[in-house]
$ cat final-v9.txt   # compact mmCIF, C-alpha atoms
# COMPACT_ATOMS: atom_id res chain seq x y z
CA MET A 138 -7.38 -15.88 18.55
CA THR A 139 -7.03 -13.13 21.09
CA PRO A 140 -9.62 -10.34 21.43
CA GLN A 141 -6.91 -7.90 20.33
CA VAL A 142 -6.32 -9.76 17.06
CA GLU A 143 -10.08 -10.07 16.44
CA ALA A 144 -10.49 -6.30 16.93
CA LEU A 145 -7.63 -5.69 14.48
CA VAL A 146 -9.20 -8.07 11.95
CA ARG A 147 -12.49 -6.15 12.19
CA SER A 148 -10.86 -2.73 11.85
CA THR A 149 -8.68 -3.86 8.94
CA LEU A 150 -11.72 -5.37 7.25
CA VAL A 151 -13.46 -1.99 7.42
CA ASP A 152 -10.36 -0.43 5.82
CA LEU A 153 -10.46 -3.07 3.08
CA ASP A 154 -14.10 -2.32 2.43
CA ASN A 155 -13.01 1.20 1.45
CA ASP A 156 -9.80 0.40 -0.45
CA GLU A 157 -7.10 -2.22 -0.90
CA CYS A 158 -4.46 -2.26 1.84
CA ASP A 159 -0.88 -3.44 1.70
CA LEU A 160 1.05 -5.16 4.45
CA SER A 161 2.68 -1.90 5.49
CA TRP A 162 -0.74 -0.22 5.88
CA ILE A 163 -1.98 -2.98 8.17
CA LEU A 164 1.21 -2.78 10.24
CA CYS A 165 1.43 1.00 10.48
CA ASN A 166 -2.20 2.01 10.62
CA ARG A 167 -3.73 -0.77 12.66
CA VAL A 168 -1.24 -2.89 14.58
CA ARG A 169 1.26 -0.19 15.53
CA GLU A 170 -1.60 2.09 16.68
CA SER A 171 -2.97 -0.73 18.81
CA CYS A 172 0.43 -1.63 20.29
CA PRO A 173 2.54 1.55 20.22
CA ASP A 174 5.17 0.28 22.66
CA ALA A 175 5.60 -3.20 21.21
CA ALA A 176 8.92 -4.37 19.76
CA ASN A 177 9.16 -4.86 16.00
CA ASP A 178 9.13 -8.66 16.26
CA VAL A 179 5.89 -8.52 18.29
CA LEU A 180 4.33 -6.12 15.78
CA LYS A 181 5.29 -8.47 12.95
CA LYS A 182 3.82 -11.48 14.76
CA ILE A 183 0.51 -9.71 15.41
CA THR A 184 0.33 -8.35 11.86
CA LEU A 185 0.87 -11.84 10.44
CA GLN A 186 -1.85 -13.18 12.75
CA VAL A 187 -4.26 -10.54 11.43
CA VAL A 188 -3.34 -11.40 7.84
CA ALA A 189 -3.72 -15.14 8.56
CA GLU A 190 -7.21 -14.56 9.95
CA LEU A 191 -8.29 -12.34 7.05
CA VAL A 192 -7.00 -14.78 4.42
CA GLY A 193 -7.79 -17.98 6.31
CA ARG A 194 -11.41 -16.99 6.88
CA GLY A 195 -11.80 -15.94 3.25
CA LEU A 196 -12.38 -12.28 4.15
CA ALA A 197 -9.47 -10.92 2.11
CA LYS A 198 -7.49 -12.03 -0.90
CA PRO A 199 -3.71 -11.58 -0.93
CA HIS A 200 -1.84 -10.31 -3.99
CA LEU A 201 1.93 -10.79 -3.92
CA LEU A 202 4.15 -7.90 -5.03
CA GLY A 203 7.72 -7.30 -6.22
CA GLU A 204 10.32 -9.89 -5.32
CA THR A 205 7.76 -11.88 -3.33
CA PHE A 206 5.69 -12.24 -6.52
CA GLU A 207 8.73 -12.90 -8.70
CA THR A 208 9.96 -15.70 -6.44
CA ALA A 209 6.50 -17.11 -5.67
CA ASP A 210 6.33 -20.87 -5.31
CA PRO A 211 2.84 -22.17 -6.10
CA ASP A 212 3.47 -25.14 -3.80
CA GLU A 213 4.19 -22.94 -0.78
CA PRO A 214 1.26 -21.52 1.23
CA VAL A 215 0.74 -17.82 0.48
CA LEU A 216 1.09 -16.87 4.14
CA GLU A 217 4.56 -18.43 4.22
CA GLN A 218 5.47 -16.52 1.08
CA ILE A 219 4.32 -13.30 2.75
CA ARG A 220 6.38 -14.13 5.84
CA HIS A 221 9.47 -14.83 3.71
CA GLY A 222 8.94 -11.64 1.72
CA TRP A 223 8.75 -9.63 4.93
CA ASP A 224 11.88 -11.37 6.23
CA ARG A 225 13.71 -10.15 3.10
CA CYS A 226 12.54 -6.56 3.74
CA GLY A 227 13.32 -6.66 7.44
CA GLU A 228 12.33 -3.57 9.38
CA ARG A 229 12.42 -1.53 6.15
CA LEU A 230 8.95 -2.75 5.13
CA SER A 231 7.25 0.03 3.18
CA MET A 232 4.22 0.57 0.98
CA GLY A 233 4.22 -1.70 -2.03
CA ASP A 234 6.43 -4.34 -0.44
CA VAL A 235 5.49 -8.02 -0.20
CA ALA A 236 1.69 -8.04 -0.68
CA TYR A 237 -1.54 -6.11 -0.73
CA PHE A 238 -5.00 -7.34 0.15
CA SER A 239 -8.45 -6.84 -1.32
CA ILE A 240 -11.77 -7.59 0.31
CA THR A 241 -13.74 -10.64 -0.82
CA ALA A 242 -17.50 -11.04 -1.07
CA ALA A 243 -17.41 -12.83 2.30
CA GLY A 244 -15.44 -9.95 3.79
CA ARG A 245 -17.89 -7.39 2.43
CA ALA A 246 -20.79 -9.42 3.87
CA ALA A 247 -19.04 -9.53 7.27
CA VAL A 248 -18.65 -5.75 7.25
CA ARG A 249 -22.31 -5.27 6.31
CA SER A 250 -23.56 -7.63 9.02
CA ALA A 251 -21.36 -5.94 11.63
CA THR A 252 -22.68 -2.48 10.75
CA GLN A 253 -26.38 -3.42 10.48
CA PRO A 254 -28.52 -2.23 13.41

$ encode --input "final-v9.txt" --output "structure tokens"
Amino acid sequence: MTPQVEALVRSTLVDLDNDECDLSWILCNRVRESCPDAANDVLKKITLQVVAELVGRGLAKPHLLGETFETADPDEPVLEQIRHGWDRCGERLSMGDVAYFSITAAGRAAVRSATQP
């Protein structure tokens, strides 16, 4: 994992500690701010890396929405379902599309340990 992705994971985790965030929030308010000149495919790749870290490390729990939820395949990894859902939306990804994320107990503990003096 790159230092850039780790910094985005930490900042997104702080956001999640305050409220649930959807995929669009992570893209628009974290990744795009960090990489304002990046092409959309690069932004998508970085956003999915951030999501993979949050979910893979047990820091956040994904909740599928809309068509992604309706077509969910329990045998397919959730990160692939998120990727496919985003592919369906294309560059028109907006709030409430594909998935939202909530912080887990492990995520909350990570935030607390990072902010302790």

$ residues_around --input "final-v9.txt" --residues "A:Glu207" --least-positions-apart "4" --cutoff "12 Å" --atoms "all atoms listed in the file" --output "list in words"
His200, Leu201, Leu202, Gly203, Pro211, Gln218, Gly222, Val235 and Ala236 of chain A

$ residues_around --input "final-v9.txt" --residues "stretch 151-162 of chain A" --least-positions-apart "3" --cutoff "8 Å" --atoms "only C-alpha atoms" --output "NGL selection string"
:A and (147-148 or 165-167 or 197 or 230-240 or 244-245 or 248)

$ closest_residue --input "final-v9.txt" --among "A:Val215, A:Arg169, A:Arg194, A:Ala176" --to "A:Ala247" --atoms "all atoms listed in the file"
A:Arg194

$ atom_distance --input "final-v9.txt" --atom1 "atom CA of A:Lys198" --atom2 "atom CA of A:Thr149"
12.8 Å

$ residues_around --input "final-v9.txt" --residues "A:Ala189" --least-positions-apart "4" --cutoff "12 Å" --atoms "all atoms listed in the file" --output "compact mmCIF listing (two decimals) with C-alpha atoms, keeping the file's coordinate frame"
# COMPACT_ATOMS: atom_id res chain seq x y z
CA MET A 138 -7.38 -15.88 18.55
CA VAL A 142 -6.32 -9.76 17.06
CA GLU A 143 -10.08 -10.07 16.44
CA LEU A 145 -7.63 -5.69 14.48
CA VAL A 146 -9.20 -8.07 11.95
CA LEU A 160 1.05 -5.16 4.45
CA LYS A 182 3.82 -11.48 14.76
CA ILE A 183 0.51 -9.71 15.41
CA THR A 184 0.33 -8.35 11.86
CA LEU A 185 0.87 -11.84 10.44
CA GLY A 193 -7.79 -17.98 6.31
CA ARG A 194 -11.41 -16.99 6.88
CA GLY A 195 -11.80 -15.94 3.25
CA LEU A 196 -12.38 -12.28 4.15
CA ALA A 197 -9.47 -10.92 2.11
CA LYS A 198 -7.49 -12.03 -0.90
CA PRO A 199 -3.71 -11.58 -0.93
CA PRO A 214 1.26 -21.52 1.23
CA VAL A 215 0.74 -17.82 0.48
CA LEU A 216 1.09 -16.87 4.14
CA GLU A 217 4.56 -18.43 4.22
CA GLN A 218 5.47 -16.52 1.08
CA ILE A 219 4.32 -13.30 2.75
CA ARG A 220 6.38 -14.13 5.84
CA PHE A 238 -5.00 -7.34 0.15

$ build_atoms --input "final-v9.txt" --residues "stretch 142-153 of chain A" --atoms "all heavy atoms" --output "PDB file, in the frame of the given file"
ATOM      1  N   VAL A 142      -6.454  -9.403  18.470  1.00  0.00           N
ATOM      2  CA  VAL A 142      -6.320  -9.760  17.060  1.00  0.00           C
ATOM      3  C   VAL A 142      -7.689  -9.683  16.377  1.00  0.00           C
ATOM      4  O   VAL A 142      -7.804  -9.165  15.260  1.00  0.00           O
ATOM      5  CB  VAL A 142      -5.677 -11.159  16.878  1.00  0.00           C
ATOM      6  CG1 VAL A 142      -5.764 -11.641  15.437  1.00  0.00           C
ATOM      7  CG2 VAL A 142      -4.224 -11.116  17.334  1.00  0.00           C
ATOM      8  N   GLU A 143      -8.746 -10.145  17.041  1.00  0.00           N
ATOM      9  CA  GLU A 143     -10.080 -10.070  16.440  1.00  0.00           C
ATOM     10  C   GLU A 143     -10.483  -8.616  16.191  1.00  0.00           C
ATOM     11  O   GLU A 143     -11.033  -8.294  15.136  1.00  0.00           O
ATOM     12  CB  GLU A 143     -11.120 -10.752  17.339  1.00  0.00           C
ATOM     13  CG  GLU A 143     -12.522 -10.710  16.777  1.00  0.00           C
ATOM     14  CD  GLU A 143     -12.683 -11.341  15.401  1.00  0.00           C
ATOM     15  OE1 GLU A 143     -11.978 -12.327  15.087  1.00  0.00           O
ATOM     16  OE2 GLU A 143     -13.523 -10.854  14.621  1.00  0.00           O
ATOM     17  N   ALA A 144     -10.185  -7.728  17.121  1.00  0.00           N
ATOM     18  CA  ALA A 144     -10.490  -6.300  16.930  1.00  0.00           C
ATOM     19  C   ALA A 144      -9.700  -5.738  15.744  1.00  0.00           C
ATOM     20  O   ALA A 144     -10.226  -4.942  14.952  1.00  0.00           O
ATOM     21  CB  ALA A 144     -10.189  -5.518  18.197  1.00  0.00           C
ATOM     22  N   LEU A 145      -8.448  -6.148  15.602  1.00  0.00           N
ATOM     23  CA  LEU A 145      -7.630  -5.690  14.480  1.00  0.00           C
ATOM     24  C   LEU A 145      -8.134  -6.257  13.149  1.00  0.00           C
ATOM     25  O   LEU A 145      -8.107  -5.569  12.128  1.00  0.00           O
ATOM     26  CB  LEU A 145      -6.162  -6.073  14.706  1.00  0.00           C
ATOM     27  CG  LEU A 145      -5.457  -5.273  15.797  1.00  0.00           C
ATOM     28  CD1 LEU A 145      -4.153  -5.946  16.201  1.00  0.00           C
ATOM     29  CD2 LEU A 145      -5.218  -3.855  15.332  1.00  0.00           C
ATOM     30  N   VAL A 146      -8.612  -7.481  13.156  1.00  0.00           N
ATOM     31  CA  VAL A 146      -9.200  -8.070  11.950  1.00  0.00           C
ATOM     32  C   VAL A 146     -10.415  -7.242  11.540  1.00  0.00           C
ATOM     33  O   VAL A 146     -10.566  -6.869  10.372  1.00  0.00           O
ATOM     34  CB  VAL A 146      -9.582  -9.549  12.182  1.00  0.00           C
ATOM     35  CG1 VAL A 146     -10.477 -10.077  11.059  1.00  0.00           C
ATOM     36  CG2 VAL A 146      -8.329 -10.411  12.304  1.00  0.00           C
ATOM     37  N   ARG A 147     -11.283  -6.932  12.506  1.00  0.00           N
ATOM     38  CA  ARG A 147     -12.490  -6.150  12.190  1.00  0.00           C
ATOM     39  C   ARG A 147     -12.144  -4.766  11.658  1.00  0.00           C
ATOM     40  O   ARG A 147     -12.715  -4.314  10.664  1.00  0.00           O
ATOM     41  CB  ARG A 147     -13.386  -6.042  13.427  1.00  0.00           C
ATOM     42  CG  ARG A 147     -14.165  -7.308  13.719  1.00  0.00           C
ATOM     43  CD  ARG A 147     -15.278  -7.092  14.729  1.00  0.00           C
ATOM     44  NE  ARG A 147     -14.847  -6.397  15.935  1.00  0.00           N
ATOM     45  CZ  ARG A 147     -14.379  -6.978  17.029  1.00  0.00           C
ATOM     46  NH1 ARG A 147     -14.278  -8.292  17.087  1.00  0.00           N
ATOM     47  NH2 ARG A 147     -14.009  -6.261  18.075  1.00  0.00           N
ATOM     48  N   SER A 148     -11.200  -4.080  12.302  1.00  0.00           N
ATOM     49  CA  SER A 148     -10.860  -2.730  11.850  1.00  0.00           C
ATOM     50  C   SER A 148     -10.176  -2.750  10.480  1.00  0.00           C
ATOM     51  O   SER A 148     -10.422  -1.892   9.633  1.00  0.00           O
ATOM     52  CB  SER A 148     -10.007  -1.989  12.883  1.00  0.00           C
ATOM     53  OG  SER A 148      -8.763  -2.621  13.078  1.00  0.00           O
ATOM     54  N   THR A 149      -9.335  -3.739  10.242  1.00  0.00           N
ATOM     55  CA  THR A 149      -8.680  -3.860   8.940  1.00  0.00           C
ATOM     56  C   THR A 149      -9.696  -4.205   7.864  1.00  0.00           C
ATOM     57  O   THR A 149      -9.618  -3.700   6.737  1.00  0.00           O
ATOM     58  CB  THR A 149      -7.558  -4.919   8.993  1.00  0.00           C
ATOM     59  OG1 THR A 149      -6.618  -4.550  10.008  1.00  0.00           O
ATOM     60  CG2 THR A 149      -6.838  -5.035   7.662  1.00  0.00           C
ATOM     61  N   LEU A 150     -10.674  -5.017   8.206  1.00  0.00           N
ATOM     62  CA  LEU A 150     -11.720  -5.370   7.250  1.00  0.00           C
ATOM     63  C   LEU A 150     -12.518  -4.138   6.832  1.00  0.00           C
ATOM     64  O   LEU A 150     -12.848  -3.973   5.653  1.00  0.00           O
ATOM     65  CB  LEU A 150     -12.633  -6.429   7.861  1.00  0.00           C
ATOM     66  CG  LEU A 150     -13.535  -7.197   6.922  1.00  0.00           C
ATOM     67  CD1 LEU A 150     -12.743  -7.846   5.794  1.00  0.00           C
ATOM     68  CD2 LEU A 150     -14.305  -8.243   7.694  1.00  0.00           C
ATOM     69  N   VAL A 151     -12.785  -3.243   7.760  1.00  0.00           N
ATOM     70  CA  VAL A 151     -13.460  -1.990   7.420  1.00  0.00           C
ATOM     71  C   VAL A 151     -12.594  -1.171   6.470  1.00  0.00           C
ATOM     72  O   VAL A 151     -13.088  -0.599   5.497  1.00  0.00           O
ATOM     73  CB  VAL A 151     -13.825  -1.194   8.695  1.00  0.00           C
ATOM     74  CG1 VAL A 151     -14.313   0.203   8.347  1.00  0.00           C
ATOM     75  CG2 VAL A 151     -14.874  -1.942   9.504  1.00  0.00           C
ATOM     76  N   ASP A 152     -11.280  -1.120   6.733  1.00  0.00           N
ATOM     77  CA  ASP A 152     -10.360  -0.430   5.820  1.00  0.00           C
ATOM     78  C   ASP A 152     -10.433  -1.046   4.425  1.00  0.00           C
ATOM     79  O   ASP A 152     -10.488  -0.329   3.420  1.00  0.00           O
ATOM     80  CB  ASP A 152      -8.912  -0.525   6.312  1.00  0.00           C
ATOM     81  CG  ASP A 152      -8.646   0.279   7.561  1.00  0.00           C
ATOM     82  OD1 ASP A 152      -9.431   1.194   7.870  1.00  0.00           O
ATOM     83  OD2 ASP A 152      -7.632  -0.011   8.229  1.00  0.00           O
ATOM     84  N   LEU A 153     -10.425  -2.374   4.364  1.00  0.00           N
ATOM     85  CA  LEU A 153     -10.460  -3.070   3.080  1.00  0.00           C
ATOM     86  C   LEU A 153     -11.762  -2.840   2.332  1.00  0.00           C
ATOM     87  O   LEU A 153     -11.795  -2.893   1.105  1.00  0.00           O
ATOM     88  CB  LEU A 153     -10.233  -4.576   3.273  1.00  0.00           C
ATOM     89  CG  LEU A 153      -8.809  -5.000   3.617  1.00  0.00           C
ATOM     90  CD1 LEU A 153      -8.784  -6.460   4.037  1.00  0.00           C
ATOM     91  CD2 LEU A 153      -7.887  -4.754   2.443  1.00  0.00           C
TER      92      LEU A 153
END
